[in-house]
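This report refers to the structure that appears directly beneath it.
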Amino acid sequence: MTKFQALAQKYGTPLYVYDFDTIDTKFSALKEVFKARKSLICFAVKSNSNLSVLKHMAHLGAGCDCVSIGEVKRALVAGIPKYKIIFSGVGKRDEEIEEALQNDILMINLESEEEMNRVEMIASKLGVIARISIRVNPNIDAQTHPYISTGLHENKFGVDLDSAKRMYIHAKNSASLDPVGIHFHIGSQITEVEPFREAALVLANLLRNLKALKIEIKFFDVGGGIGIQYKDETTVDLYAYAQSIFAALTGLDVTLVCEPGRYLVGDCGFFLTRVLYEKNNGFKRFVIVDGAMNDLIRPSLYQAYHAIDVEGKEDHATSVCDVVGPICESGDFFAKNIALPALEHDDLLIVKSAGAYGFTMSSNYNTRTRVAEVALEKGEDRLIRQRESFEDVIALERAYL
Ligand SMILES: Cc1ncc(COP(=O)(O)O)c(C=O)c1O
Ligand SMILES: N[C@@H](CCCC[NH3+])C(=O)O
């Protein structure tokens with residue numbers, strides 16, 4: 001029996017499995033290319049927010065990039081030091097800003113002038129000084145899927161260069177704001193260095209202008225976005241990536257911050273699902289599995305490709321099929337028109353590169369219980385999230401008659 005077959009038998013399917021040793025390898029590789037500068041790697045919690053994953057990041061020395069106060073609290077619960085936590089997002093509620101300030105996190109990343117005014121007001125009310133960063137939208141095409149492209153003016157994220165400059169000047173003169181950071185995040189699953197290089201140059205230039213105005217920024221945050229290989233994409237050469245940022249920063253004494261999500265956890269994750277039936281309607285062959293789009297929505301949402309392995313049948317003849325789930329939507333699929341061997345009830349499929357934006361984007365659609373998560377570390381497996389029960393799913397509902 002293979003490792004995945006044993007895990008499927010022990011924990012049931014569908015199931016997420018994360019290999020923490022892979023996270024270590026990826027983390028060390030990034031730290032290594034940054035070693036010529038002071039750097040802080042802030043893991044993007046949205047990509048995989050399991051507390052054990054975050055705890056593992058804390059052991060590695062990572063901070064966290066968060067997009068809600070819920071994520072900030074997860075990071076704190078997992079033992080990420082408050083001085084390594086960044087809070088970004090285009091729409092923060094007053095209570096979220098207040099709680100972030102009370103928790104004294106590293107910085108709040110501002111995405112509009114309106115937001116700056118609210119943060120200033122709330123900090124003043126609390127009698128604290130808010131450390132802020134500004135997310136600059138450099139209008140650079142990251143050449144990725146339009147839904148995960150964030151650095152163009154048509155996207156809702158960040159502020160343009162002129163507004164950023166105005167905001168820094170305002171913040172510098174405010175008794176309640178301390179401008180400590182500058183930030184860009186131009187998109188996700190980026191496979192070339194060039195967009196990062198261009199964005200770093202634009203922001204470093206702004207930093208020099210700010211320096212001339214005696215506004216000293218300490219943190220240069222290049223966001224996340226480093227792509228992984230799902231199919232046959234080229235991936236970013238990490239060394240060239242780091243060097244292009246260093247080159248932009250020549251002469252500037254700043255701590256480099258990077259916010260990888262997918263790069264750190266994408267490849268470490270496997271989604272295990274069993275075959276329920278094969279069905280051929282005369283037009284098409286369908287492999288129907290027990291996992292569905294509510295468990296892993298990336299194929300349905302972005303037509304994303306995830307390679308699928310069938311262990312033990314590698315040398316069998318294949319034919320073309322769609323791998324689909326039990327949900328009441330034609331968009332419920334893991335793969336379309338892929339070649340797989342003939343499959344039987346209970347055969348195990350392994351959907352690869354599922355560690356990022358897998359479980360965190362899952363839902364209870366069709367009253368399906370969210371699946372269990374398991375960590376693999378140095379050959380040992382541990383349950384890190386129990387499978388939900390039907391009772392868990394309805395627990396917060398009230399049935400008025
Ligand atoms: C502000 C910010 N930082 C970091 C990330 C992480 O992105 P990725 O998983 O592509 O590294 C995201 C998500 O795209 C983000 O919005
Ligand atoms: N959810 C997207 C990434 C979004 C990044 C969020 N800023 C994905 O699965 O690829």
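Every chain in the structure tokens takes a letter, A first, then B, and so on in the order presented; its residues are numbered from 1, and the ligands are numbered from 1 following the presented order.
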Using backbone DSSP assignments, extract all alpha helix (DSSP H) residues from range 34-265 of chain A; output them as a PyMOL selection string. chain A and resi 51-60+69-77+94-102+113-126+161-172+194-212+238-248+262-265
May I have the selected residues written with C-alpha atoms, as a PDB file, in the first residue's frame?
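The file below, selection19.pdb, is the result:
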```pdb
ATOM      1  CA  LEU A  51      -3.270  26.625  12.758  1.00  0.00           C
ATOM      2  CA  SER A  52      -0.664  23.858  12.485  1.00  0.00           C
ATOM      3  CA  VAL A  53       0.581  25.310   9.199  1.00  0.00           C
ATOM      4  CA  LEU A  54       0.830  28.750  10.822  1.00  0.00           C
ATOM      5  CA  LYS A  55       2.572  27.280  13.859  1.00  0.00           C
ATOM      6  CA  HIS A  56       5.049  25.628  11.531  1.00  0.00           C
ATOM      7  CA  MET A  57       5.642  29.006   9.860  1.00  0.00           C
ATOM      8  CA  ALA A  58       6.256  30.535  13.302  1.00  0.00           C
ATOM      9  CA  HIS A  59       8.933  27.875  14.003  1.00  0.00           C
ATOM     10  CA  LEU A  60      10.594  28.741  10.710  1.00  0.00           C
ATOM     11  CA  ILE A  69      -8.840  40.488  11.669  1.00  0.00           C
ATOM     12  CA  GLY A  70      -9.762  36.803  11.755  1.00  0.00           C
ATOM     13  CA  GLU A  71      -6.500  35.994  10.000  1.00  0.00           C
ATOM     14  CA  VAL A  72      -4.588  38.330  12.342  1.00  0.00           C
ATOM     15  CA  LYS A  73      -6.079  36.472  15.317  1.00  0.00           C
ATOM     16  CA  ARG A  74      -5.257  33.093  13.764  1.00  0.00           C
ATOM     17  CA  ALA A  75      -1.642  34.198  13.346  1.00  0.00           C
ATOM     18  CA  LEU A  76      -1.460  35.366  16.959  1.00  0.00           C
ATOM     19  CA  VAL A  77      -3.064  32.157  18.267  1.00  0.00           C
ATOM     20  CA  ASP A  94     -13.608  49.996  12.092  1.00  0.00           C
ATOM     21  CA  GLU A  95     -13.657  47.143  14.618  1.00  0.00           C
ATOM     22  CA  GLU A  96     -10.958  45.347  12.636  1.00  0.00           C
ATOM     23  CA  ILE A  97      -8.745  48.446  12.556  1.00  0.00           C
ATOM     24  CA  GLU A  98      -9.300  48.981  16.269  1.00  0.00           C
ATOM     25  CA  GLU A  99      -8.407  45.402  17.138  1.00  0.00           C
ATOM     26  CA  ALA A 100      -5.316  45.454  14.915  1.00  0.00           C
ATOM     27  CA  LEU A 101      -4.135  48.626  16.655  1.00  0.00           C
ATOM     28  CA  GLN A 102      -4.844  47.184  20.086  1.00  0.00           C
ATOM     29  CA  GLU A 113      -6.959  57.754   1.422  1.00  0.00           C
ATOM     30  CA  GLU A 114     -10.382  57.197   2.948  1.00  0.00           C
ATOM     31  CA  GLU A 115      -9.015  54.242   4.859  1.00  0.00           C
ATOM     32  CA  MET A 116      -6.049  56.307   6.059  1.00  0.00           C
ATOM     33  CA  ASN A 117      -8.439  58.887   7.490  1.00  0.00           C
ATOM     34  CA  ARG A 118     -10.348  56.230   9.420  1.00  0.00           C
ATOM     35  CA  VAL A 119      -7.173  54.598  10.743  1.00  0.00           C
ATOM     36  CA  GLU A 120      -5.937  58.034  11.861  1.00  0.00           C
ATOM     37  CA  MET A 121      -9.224  58.779  13.593  1.00  0.00           C
ATOM     38  CA  ILE A 122      -9.343  55.409  15.341  1.00  0.00           C
ATOM     39  CA  ALA A 123      -5.678  55.593  16.421  1.00  0.00           C
ATOM     40  CA  SER A 124      -6.255  59.071  17.807  1.00  0.00           C
ATOM     41  CA  LYS A 125      -9.338  57.876  19.708  1.00  0.00           C
ATOM     42  CA  LEU A 126      -7.312  54.985  21.185  1.00  0.00           C
ATOM     43  CA  LEU A 161       1.680  56.862  -7.149  1.00  0.00           C
ATOM     44  CA  ASP A 162       0.483  60.459  -6.746  1.00  0.00           C
ATOM     45  CA  SER A 163      -2.076  59.527  -4.114  1.00  0.00           C
ATOM     46  CA  ALA A 164       0.545  57.459  -2.303  1.00  0.00           C
ATOM     47  CA  LYS A 165       2.913  60.410  -2.148  1.00  0.00           C
ATOM     48  CA  ARG A 166       0.145  62.667  -0.800  1.00  0.00           C
ATOM     49  CA  MET A 167      -0.741  60.036   1.775  1.00  0.00           C
ATOM     50  CA  TYR A 168       2.865  59.693   2.968  1.00  0.00           C
ATOM     51  CA  ILE A 169       3.148  63.460   3.398  1.00  0.00           C
ATOM     52  CA  HIS A 170      -0.094  63.521   5.355  1.00  0.00           C
ATOM     53  CA  ALA A 171       0.969  60.549   7.504  1.00  0.00           C
ATOM     54  CA  LYS A 172       4.360  62.084   8.254  1.00  0.00           C
ATOM     55  CA  GLU A 194       9.967  41.009 -15.182  1.00  0.00           C
ATOM     56  CA  PRO A 195       6.696  42.254 -13.602  1.00  0.00           C
ATOM     57  CA  PHE A 196       8.292  42.068 -10.125  1.00  0.00           C
ATOM     58  CA  ARG A 197      11.373  43.911 -11.389  1.00  0.00           C
ATOM     59  CA  GLU A 198       9.273  46.687 -12.939  1.00  0.00           C
ATOM     60  CA  ALA A 199       7.128  47.100  -9.836  1.00  0.00           C
ATOM     61  CA  ALA A 200      10.177  47.174  -7.541  1.00  0.00           C
ATOM     62  CA  LEU A 201      11.775  49.879  -9.690  1.00  0.00           C
ATOM     63  CA  VAL A 202       8.655  52.050  -9.614  1.00  0.00           C
ATOM     64  CA  LEU A 203       8.297  51.784  -5.839  1.00  0.00           C
ATOM     65  CA  ALA A 204      12.004  52.220  -5.129  1.00  0.00           C
ATOM     66  CA  ASN A 205      11.838  55.427  -7.131  1.00  0.00           C
ATOM     67  CA  LEU A 206       8.961  56.646  -4.991  1.00  0.00           C
ATOM     68  CA  LEU A 207      10.984  55.712  -1.918  1.00  0.00           C
ATOM     69  CA  ARG A 208      13.838  57.933  -3.110  1.00  0.00           C
ATOM     70  CA  ASN A 209      11.389  60.824  -3.597  1.00  0.00           C
ATOM     71  CA  LEU A 210      10.082  60.270  -0.099  1.00  0.00           C
ATOM     72  CA  LYS A 211      13.603  60.190   1.309  1.00  0.00           C
ATOM     73  CA  ALA A 212      14.196  63.597  -0.231  1.00  0.00           C
ATOM     74  CA  LEU A 238      14.283  32.816  -7.284  1.00  0.00           C
ATOM     75  CA  TYR A 239      17.836  34.067  -7.516  1.00  0.00           C
ATOM     76  CA  ALA A 240      17.015  36.361 -10.461  1.00  0.00           C
ATOM     77  CA  TYR A 241      13.868  37.496  -8.610  1.00  0.00           C
ATOM     78  CA  ALA A 242      15.843  38.499  -5.513  1.00  0.00           C
ATOM     79  CA  GLN A 243      18.597  40.131  -7.533  1.00  0.00           C
ATOM     80  CA  SER A 244      16.118  42.232  -9.495  1.00  0.00           C
ATOM     81  CA  ILE A 245      14.674  43.560  -6.235  1.00  0.00           C
ATOM     82  CA  PHE A 246      18.129  44.179  -4.749  1.00  0.00           C
ATOM     83  CA  ALA A 247      19.087  46.094  -7.895  1.00  0.00           C
ATOM     84  CA  ALA A 248      16.011  48.317  -7.543  1.00  0.00           C
ATOM     85  CA  ARG A 262       1.187  29.694  -3.003  1.00  0.00           C
ATOM     86  CA  TYR A 263       4.992  29.426  -3.343  1.00  0.00           C
ATOM     87  CA  LEU A 264       5.338  28.148   0.243  1.00  0.00           C
ATOM     88  CA  VAL A 265       2.378  25.787   0.474  1.00  0.00           C
TER      89      VAL A 265
END
```
Could you pull the residues within 10 Å of Gly379 in chain A, counting only C-alpha atoms, minus those fewer than 2 positions along the same chain, as a ChimeraX atom specification? /A:3,19-21,375-377,381
Could you pull out the residues sitting within 7 Å of ligand 2, using only C-alpha atoms and all ligand atoms, and write them as a list in words? Ile148, Gly187, Ser188, Gln189, Arg298, Ala356 and Tyr357 of chain A
Could the residues in this selection be written to a file with N, CA and C atoms, as a compact mmCIF listing (two decimals), in the first residue's frame?
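Once everything was written out, this is selection.txt:
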```txt
# COMPACT_ATOMS: atom_id res chain seq x y z
N ILE A 148 -6.90 36.92 -10.68
CA ILE A 148 -5.86 36.97 -9.64
C ILE A 148 -4.76 37.97 -10.01
N GLY A 187 -0.23 40.56 -8.18
CA GLY A 187 -1.03 39.42 -8.65
C GLY A 187 -0.45 38.12 -8.13
N SER A 188 -1.12 37.05 -8.50
CA SER A 188 -0.75 35.74 -7.98
C SER A 188 -0.40 34.81 -9.14
N GLN A 189 0.34 33.74 -8.83
CA GLN A 189 0.75 32.77 -9.86
C GLN A 189 1.49 33.48 -11.02
N ARG A 298 -10.63 25.72 -7.31
CA ARG A 298 -9.75 26.37 -8.30
C ARG A 298 -10.07 25.95 -9.75
N ALA A 356 -2.38 25.35 -1.63
CA ALA A 356 -2.69 26.78 -1.54
C ALA A 356 -4.06 27.04 -2.13
N TYR A 357 -4.87 27.83 -1.42
CA TYR A 357 -6.22 28.19 -1.88
C TYR A 357 -7.06 26.95 -2.16
```
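With only C-alpha atoms and all ligand atoms as the basis for measurement, A:His185 is the residue among A:His185, A:His153, A:Lys352, A:His345 that approaches ligand 1 most closely.
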Within 9 Å of ligand 1: each chain A residue with its shortest pair, only C-alpha atoms and all ligand atoms, as JSON lines:
```
{"residue": "A:Cys42", "atom": "CA", "partner": "ligand 1", "partner_atom_place_in_ligand_line": "4 (C)", "distance": 8.4}
{"residue": "A:Phe43", "atom": "CA", "partner": "ligand 1", "partner_atom_place_in_ligand_line": "4 (C)", "distance": 7.6}
{"residue": "A:Ala44", "atom": "CA", "partner": "ligand 1", "partner_atom_place_in_ligand_line": "6 (C)", "distance": 5.0}
{"residue": "A:Val45", "atom": "CA", "partner": "ligand 1", "partner_atom_place_in_ligand_line": "6 (C)", "distance": 8.0}
{"residue": "A:Lys46", "atom": "CA", "partner": "ligand 1", "partner_atom_place_in_ligand_line": "13 (C)", "distance": 7.2}
{"residue": "A:Ser47", "atom": "CA", "partner": "ligand 1", "partner_atom_place_in_ligand_line": "9 (O)", "distance": 5.8}
{"residue": "A:Asp65", "atom": "CA", "partner": "ligand 1", "partner_atom_place_in_ligand_line": "3 (N)", "distance": 6.2}
{"residue": "A:Cys66", "atom": "CA", "partner": "ligand 1", "partner_atom_place_in_ligand_line": "1 (C)", "distance": 7.8}
{"residue": "A:Val67", "atom": "CA", "partner": "ligand 1", "partner_atom_place_in_ligand_line": "1 (C)", "distance": 7.4}
{"residue": "A:Phe87", "atom": "CA", "partner": "ligand 1", "partner_atom_place_in_ligand_line": "1 (C)", "distance": 8.6}
{"residue": "A:Ser88", "atom": "CA", "partner": "ligand 1", "partner_atom_place_in_ligand_line": "1 (C)", "distance": 5.9}
{"residue": "A:Gly89", "atom": "CA", "partner": "ligand 1", "partner_atom_place_in_ligand_line": "1 (C)", "distance": 6.9}
{"residue": "A:Asn109", "atom": "CA", "partner": "ligand 1", "partner_atom_place_in_ligand_line": "1 (C)", "distance": 8.6}
{"residue": "A:Arg135", "atom": "CA", "partner": "ligand 1", "partner_atom_place_in_ligand_line": "1 (C)", "distance": 8.3}
{"residue": "A:Ile148", "atom": "CA", "partner": "ligand 1", "partner_atom_place_in_ligand_line": "14 (O)", "distance": 6.7}
{"residue": "A:Ser149", "atom": "CA", "partner": "ligand 1", "partner_atom_place_in_ligand_line": "14 (O)", "distance": 8.1}
{"residue": "A:Thr150", "atom": "CA", "partner": "ligand 1", "partner_atom_place_in_ligand_line": "16 (O)", "distance": 7.7}
{"residue": "A:Phe157", "atom": "CA", "partner": "ligand 1", "partner_atom_place_in_ligand_line": "16 (O)", "distance": 8.7}
{"residue": "A:His183", "atom": "CA", "partner": "ligand 1", "partner_atom_place_in_ligand_line": "1 (C)", "distance": 8.4}
{"residue": "A:Phe184", "atom": "CA", "partner": "ligand 1", "partner_atom_place_in_ligand_line": "1 (C)", "distance": 7.5}
{"residue": "A:His185", "atom": "CA", "partner": "ligand 1", "partner_atom_place_in_ligand_line": "1 (C)", "distance": 5.5}
{"residue": "A:Ile186", "atom": "CA", "partner": "ligand 1", "partner_atom_place_in_ligand_line": "14 (O)", "distance": 8.0}
{"residue": "A:Gly187", "atom": "CA", "partner": "ligand 1", "partner_atom_place_in_ligand_line": "14 (O)", "distance": 5.6}
{"residue": "A:Ser188", "atom": "CA", "partner": "ligand 1", "partner_atom_place_in_ligand_line": "10 (O)", "distance": 3.5}
{"residue": "A:Gln189", "atom": "CA", "partner": "ligand 1", "partner_atom_place_in_ligand_line": "10 (O)", "distance": 5.3}
{"residue": "A:Ile190", "atom": "CA", "partner": "ligand 1", "partner_atom_place_in_ligand_line": "10 (O)", "distance": 7.4}
{"residue": "A:Val222", "atom": "CA", "partner": "ligand 1", "partner_atom_place_in_ligand_line": "3 (N)", "distance": 8.4}
{"residue": "A:Gly223", "atom": "CA", "partner": "ligand 1", "partner_atom_place_in_ligand_line": "3 (N)", "distance": 4.6}
{"residue": "A:Gly224", "atom": "CA", "partner": "ligand 1", "partner_atom_place_in_ligand_line": "11 (O)", "distance": 3.6}
{"residue": "A:Gly225", "atom": "CA", "partner": "ligand 1", "partner_atom_place_in_ligand_line": "10 (O)", "distance": 3.2}
{"residue": "A:Ile226", "atom": "CA", "partner": "ligand 1", "partner_atom_place_in_ligand_line": "11 (O)", "distance": 5.3}
{"residue": "A:Gly227", "atom": "CA", "partner": "ligand 1", "partner_atom_place_in_ligand_line": "10 (O)", "distance": 6.6}
{"residue": "A:Cys258", "atom": "CA", "partner": "ligand 1", "partner_atom_place_in_ligand_line": "4 (C)", "distance": 7.9}
{"residue": "A:Glu259", "atom": "CA", "partner": "ligand 1", "partner_atom_place_in_ligand_line": "4 (C)", "distance": 4.7}
{"residue": "A:Pro260", "atom": "CA", "partner": "ligand 1", "partner_atom_place_in_ligand_line": "11 (O)", "distance": 3.7}
{"residue": "A:Gly261", "atom": "CA", "partner": "ligand 1", "partner_atom_place_in_ligand_line": "9 (O)", "distance": 3.4}
{"residue": "A:Arg262", "atom": "CA", "partner": "ligand 1", "partner_atom_place_in_ligand_line": "9 (O)", "distance": 3.8}
{"residue": "A:Tyr263", "atom": "CA", "partner": "ligand 1", "partner_atom_place_in_ligand_line": "11 (O)", "distance": 5.9}
{"residue": "A:Leu264", "atom": "CA", "partner": "ligand 1", "partner_atom_place_in_ligand_line": "11 (O)", "distance": 7.9}
{"residue": "A:Val265", "atom": "CA", "partner": "ligand 1", "partner_atom_place_in_ligand_line": "9 (O)", "distance": 8.6}
{"residue": "A:Gly266", "atom": "CA", "partner": "ligand 1", "partner_atom_place_in_ligand_line": "9 (O)", "distance": 8.3}
{"residue": "A:Ala356", "atom": "CA", "partner": "ligand 1", "partner_atom_place_in_ligand_line": "9 (O)", "distance": 7.0}
{"residue": "A:Tyr357", "atom": "CA", "partner": "ligand 1", "partner_atom_place_in_ligand_line": "9 (O)", "distance": 7.9}
```
Store the residues picked out above in a file with N, CA and C atoms, as a compact mmCIF listing (two decimals), in the first residue's frame.
```txt
# COMPACT_ATOMS: atom_id res chain seq x y z
N CYS A 42 6.67 37.02 5.27
CA CYS A 42 5.36 37.00 5.92
C CYS A 42 4.44 36.09 5.10
N PHE A 43 4.18 34.93 5.61
CA PHE A 43 3.34 33.94 4.92
C PHE A 43 1.92 34.49 4.72
N ALA A 44 1.38 34.36 3.50
CA ALA A 44 0.02 34.84 3.22
C ALA A 44 -0.99 33.83 3.76
N VAL A 45 -1.62 34.19 4.86
CA VAL A 45 -2.50 33.27 5.59
C VAL A 45 -3.67 32.80 4.73
N LYS A 46 -4.12 33.67 3.80
CA LYS A 46 -5.29 33.30 2.97
C LYS A 46 -5.05 32.03 2.17
N SER A 47 -3.79 31.71 1.91
CA SER A 47 -3.51 30.54 1.06
C SER A 47 -3.71 29.24 1.81
N ASP A 65 1.08 37.66 6.56
CA ASP A 65 0.31 38.68 5.85
C ASP A 65 -1.16 38.27 5.99
N CYS A 66 -1.98 39.20 6.51
CA CYS A 66 -3.37 38.85 6.82
C CYS A 66 -4.31 39.79 6.07
N VAL A 67 -5.51 39.30 5.79
CA VAL A 67 -6.47 40.12 5.05
C VAL A 67 -7.78 40.30 5.80
N PHE A 87 -1.40 43.67 8.17
CA PHE A 87 -2.83 43.57 7.89
C PHE A 87 -3.14 44.39 6.64
N SER A 88 -3.46 43.71 5.53
CA SER A 88 -3.81 44.38 4.27
C SER A 88 -5.29 44.18 3.97
N GLY A 89 -5.73 44.73 2.83
CA GLY A 89 -7.12 44.50 2.40
C GLY A 89 -7.81 45.80 2.08
N ASN A 109 -1.61 47.92 6.33
CA ASN A 109 -1.32 48.29 4.95
C ASN A 109 -2.54 49.01 4.37
N ARG A 135 -0.18 50.52 0.17
CA ARG A 135 -0.14 49.61 -0.98
C ARG A 135 -0.25 50.43 -2.25
N ILE A 148 -6.90 36.92 -10.68
CA ILE A 148 -5.86 36.97 -9.64
C ILE A 148 -4.76 37.97 -10.01
N SER A 149 -5.13 38.91 -10.90
CA SER A 149 -4.23 40.01 -11.25
C SER A 149 -4.67 41.20 -10.41
N THR A 150 -3.73 41.87 -9.74
CA THR A 150 -4.14 42.90 -8.78
C THR A 150 -3.40 44.23 -8.94
N PHE A 157 -7.31 47.28 -6.05
CA PHE A 157 -6.30 47.27 -4.99
C PHE A 157 -5.38 48.49 -4.99
N HIS A 183 4.39 49.10 -0.09
CA HIS A 183 3.99 47.75 -0.47
C HIS A 183 3.45 47.70 -1.89
N PHE A 184 3.75 46.60 -2.58
CA PHE A 184 3.00 46.28 -3.80
C PHE A 184 2.69 44.80 -3.80
N HIS A 185 1.61 44.46 -4.44
CA HIS A 185 1.29 43.04 -4.69
C HIS A 185 0.52 43.05 -6.00
N ILE A 186 1.17 42.61 -7.07
CA ILE A 186 0.60 42.83 -8.40
C ILE A 186 -0.21 41.65 -8.94
N GLY A 187 -0.23 40.56 -8.18
CA GLY A 187 -1.03 39.42 -8.65
C GLY A 187 -0.45 38.12 -8.13
N SER A 188 -1.12 37.05 -8.50
CA SER A 188 -0.75 35.74 -7.98
C SER A 188 -0.40 34.81 -9.14
N GLN A 189 0.34 33.74 -8.83
CA GLN A 189 0.75 32.77 -9.86
C GLN A 189 1.49 33.48 -11.02
N ILE A 190 2.46 34.31 -10.63
CA ILE A 190 3.28 35.01 -11.62
C ILE A 190 4.47 34.11 -11.97
N VAL A 222 7.37 43.50 -1.07
CA VAL A 222 7.15 43.15 -2.49
C VAL A 222 5.98 42.20 -2.69
N GLY A 223 5.16 42.03 -1.64
CA GLY A 223 3.97 41.20 -1.77
C GLY A 223 4.29 39.74 -2.01
N GLY A 224 3.28 39.02 -2.50
CA GLY A 224 3.48 37.60 -2.82
C GLY A 224 3.48 37.45 -4.33
N GLY A 225 2.91 36.36 -4.80
CA GLY A 225 2.71 36.21 -6.24
C GLY A 225 3.61 35.22 -6.94
N ILE A 226 4.64 34.72 -6.26
CA ILE A 226 5.56 33.79 -6.94
C ILE A 226 4.79 32.52 -7.33
N GLY A 227 4.83 32.20 -8.62
CA GLY A 227 4.05 31.07 -9.13
C GLY A 227 4.70 29.72 -8.87
N CYS A 258 8.53 39.99 2.10
CA CYS A 258 7.94 39.25 0.99
C CYS A 258 6.77 38.45 1.58
N GLU A 259 5.68 38.33 0.82
CA GLU A 259 4.46 37.72 1.37
C GLU A 259 4.01 36.52 0.55
N PRO A 260 4.82 35.49 0.45
CA PRO A 260 4.42 34.35 -0.39
C PRO A 260 3.34 33.51 0.27
N GLY A 261 2.41 33.07 -0.55
CA GLY A 261 1.41 32.12 -0.08
C GLY A 261 1.60 30.84 -0.87
N ARG A 262 1.13 30.86 -2.12
CA ARG A 262 1.19 29.69 -3.00
C ARG A 262 2.59 29.08 -3.08
N TYR A 263 3.62 29.95 -3.20
CA TYR A 263 4.99 29.43 -3.34
C TYR A 263 5.34 28.52 -2.16
N LEU A 264 4.93 28.92 -0.95
CA LEU A 264 5.34 28.15 0.24
C LEU A 264 4.51 26.88 0.43
N VAL A 265 3.22 26.94 0.12
CA VAL A 265 2.38 25.79 0.47
C VAL A 265 1.70 25.07 -0.69
N GLY A 266 1.75 25.67 -1.89
CA GLY A 266 1.03 25.05 -3.02
C GLY A 266 1.48 23.62 -3.28
N ALA A 356 -2.38 25.35 -1.63
CA ALA A 356 -2.69 26.78 -1.54
C ALA A 356 -4.06 27.04 -2.13
N TYR A 357 -4.87 27.83 -1.42
CA TYR A 357 -6.22 28.19 -1.88
C TYR A 357 -7.06 26.95 -2.16
```
What gap, in Å, lies between CA of Val128 in chain A and CA of Pro179 in chain A? 13.7 Å
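Nearest-residue note for Asp141 in chain A: choosing from A:Arg382, A:Ile228, A:Asn155, A:Glu216, the minimum distance belongs to A:Asn155, counting only C-alpha atoms.
Every protein or nucleic acid residue with an atom no more than 8 Å from Leu383 in chain A, counting only C-alpha atoms and leaving out same-chain residues fewer than 2 positions away, appears here: A:Ala372, A:Glu373, A:Val374, A:Ala375, A:Asp381, A:Arg385, A:Gln386.
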Please dump the current selection as an mmCIF file, in the first residue's frame; keep N, CA and C atoms.
```cif
data_model
loop_
_atom_site.group_PDB
_atom_site.id
_atom_site.type_symbol
_atom_site.label_atom_id
_atom_site.label_comp_id
_atom_site.auth_asym_id
_atom_site.auth_seq_id
_atom_site.Cartn_x
_atom_site.Cartn_y
_atom_site.Cartn_z
ATOM 1 N N ALA A 372 -11.247 16.670 6.199
ATOM 2 C CA ALA A 372 -10.178 16.691 7.199
ATOM 3 C C ALA A 372 -8.865 17.131 6.549
ATOM 4 N N GLU A 373 -7.947 17.606 7.401
ATOM 5 C CA GLU A 373 -6.605 17.974 6.943
ATOM 6 C C GLU A 373 -5.583 17.209 7.775
ATOM 7 N N VAL A 374 -4.540 16.738 7.083
ATOM 8 C CA VAL A 374 -3.509 15.934 7.746
ATOM 9 C C VAL A 374 -2.139 16.516 7.394
ATOM 10 N N ALA A 375 -1.254 16.561 8.403
ATOM 11 C CA ALA A 375 0.127 17.004 8.148
ATOM 12 C C ALA A 375 1.044 15.801 8.128
ATOM 13 N N ASP A 381 2.407 11.144 10.353
ATOM 14 C CA ASP A 381 1.200 11.881 9.985
ATOM 15 C C ASP A 381 0.423 12.300 11.229
ATOM 16 N N ARG A 385 -6.913 18.966 11.206
ATOM 17 C CA ARG A 385 -8.310 19.448 11.279
ATOM 18 C C ARG A 385 -9.219 18.261 11.077
ATOM 19 N N GLN A 386 -10.090 18.142 12.046
ATOM 20 C CA GLN A 386 -11.034 17.037 12.020
ATOM 21 C C GLN A 386 -12.050 17.249 10.896
#
```
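With only C-alpha atoms as the atoms that count, the minimum distance from His306 in chain A to the choices A:Ile288, A:Ala399, A:Leu349, A:Ile132 is reached by A:Leu349.
Going from CA of Tyr365 in chain A to CA of Thr13 in chain A covers 17.2 Å.
Residues lying within 12 Å of Asn364 in chain A, counting only C-alpha atoms and ignoring same-chain neighbours fewer than 6 positions away, are Ala292, Met293, Asn294, Asp295, Leu296, Ile297, Ile327, Arg370, Val371, Glu388, Ser389, Phe390, Asp392, Val393 and Ile394 of chain A.
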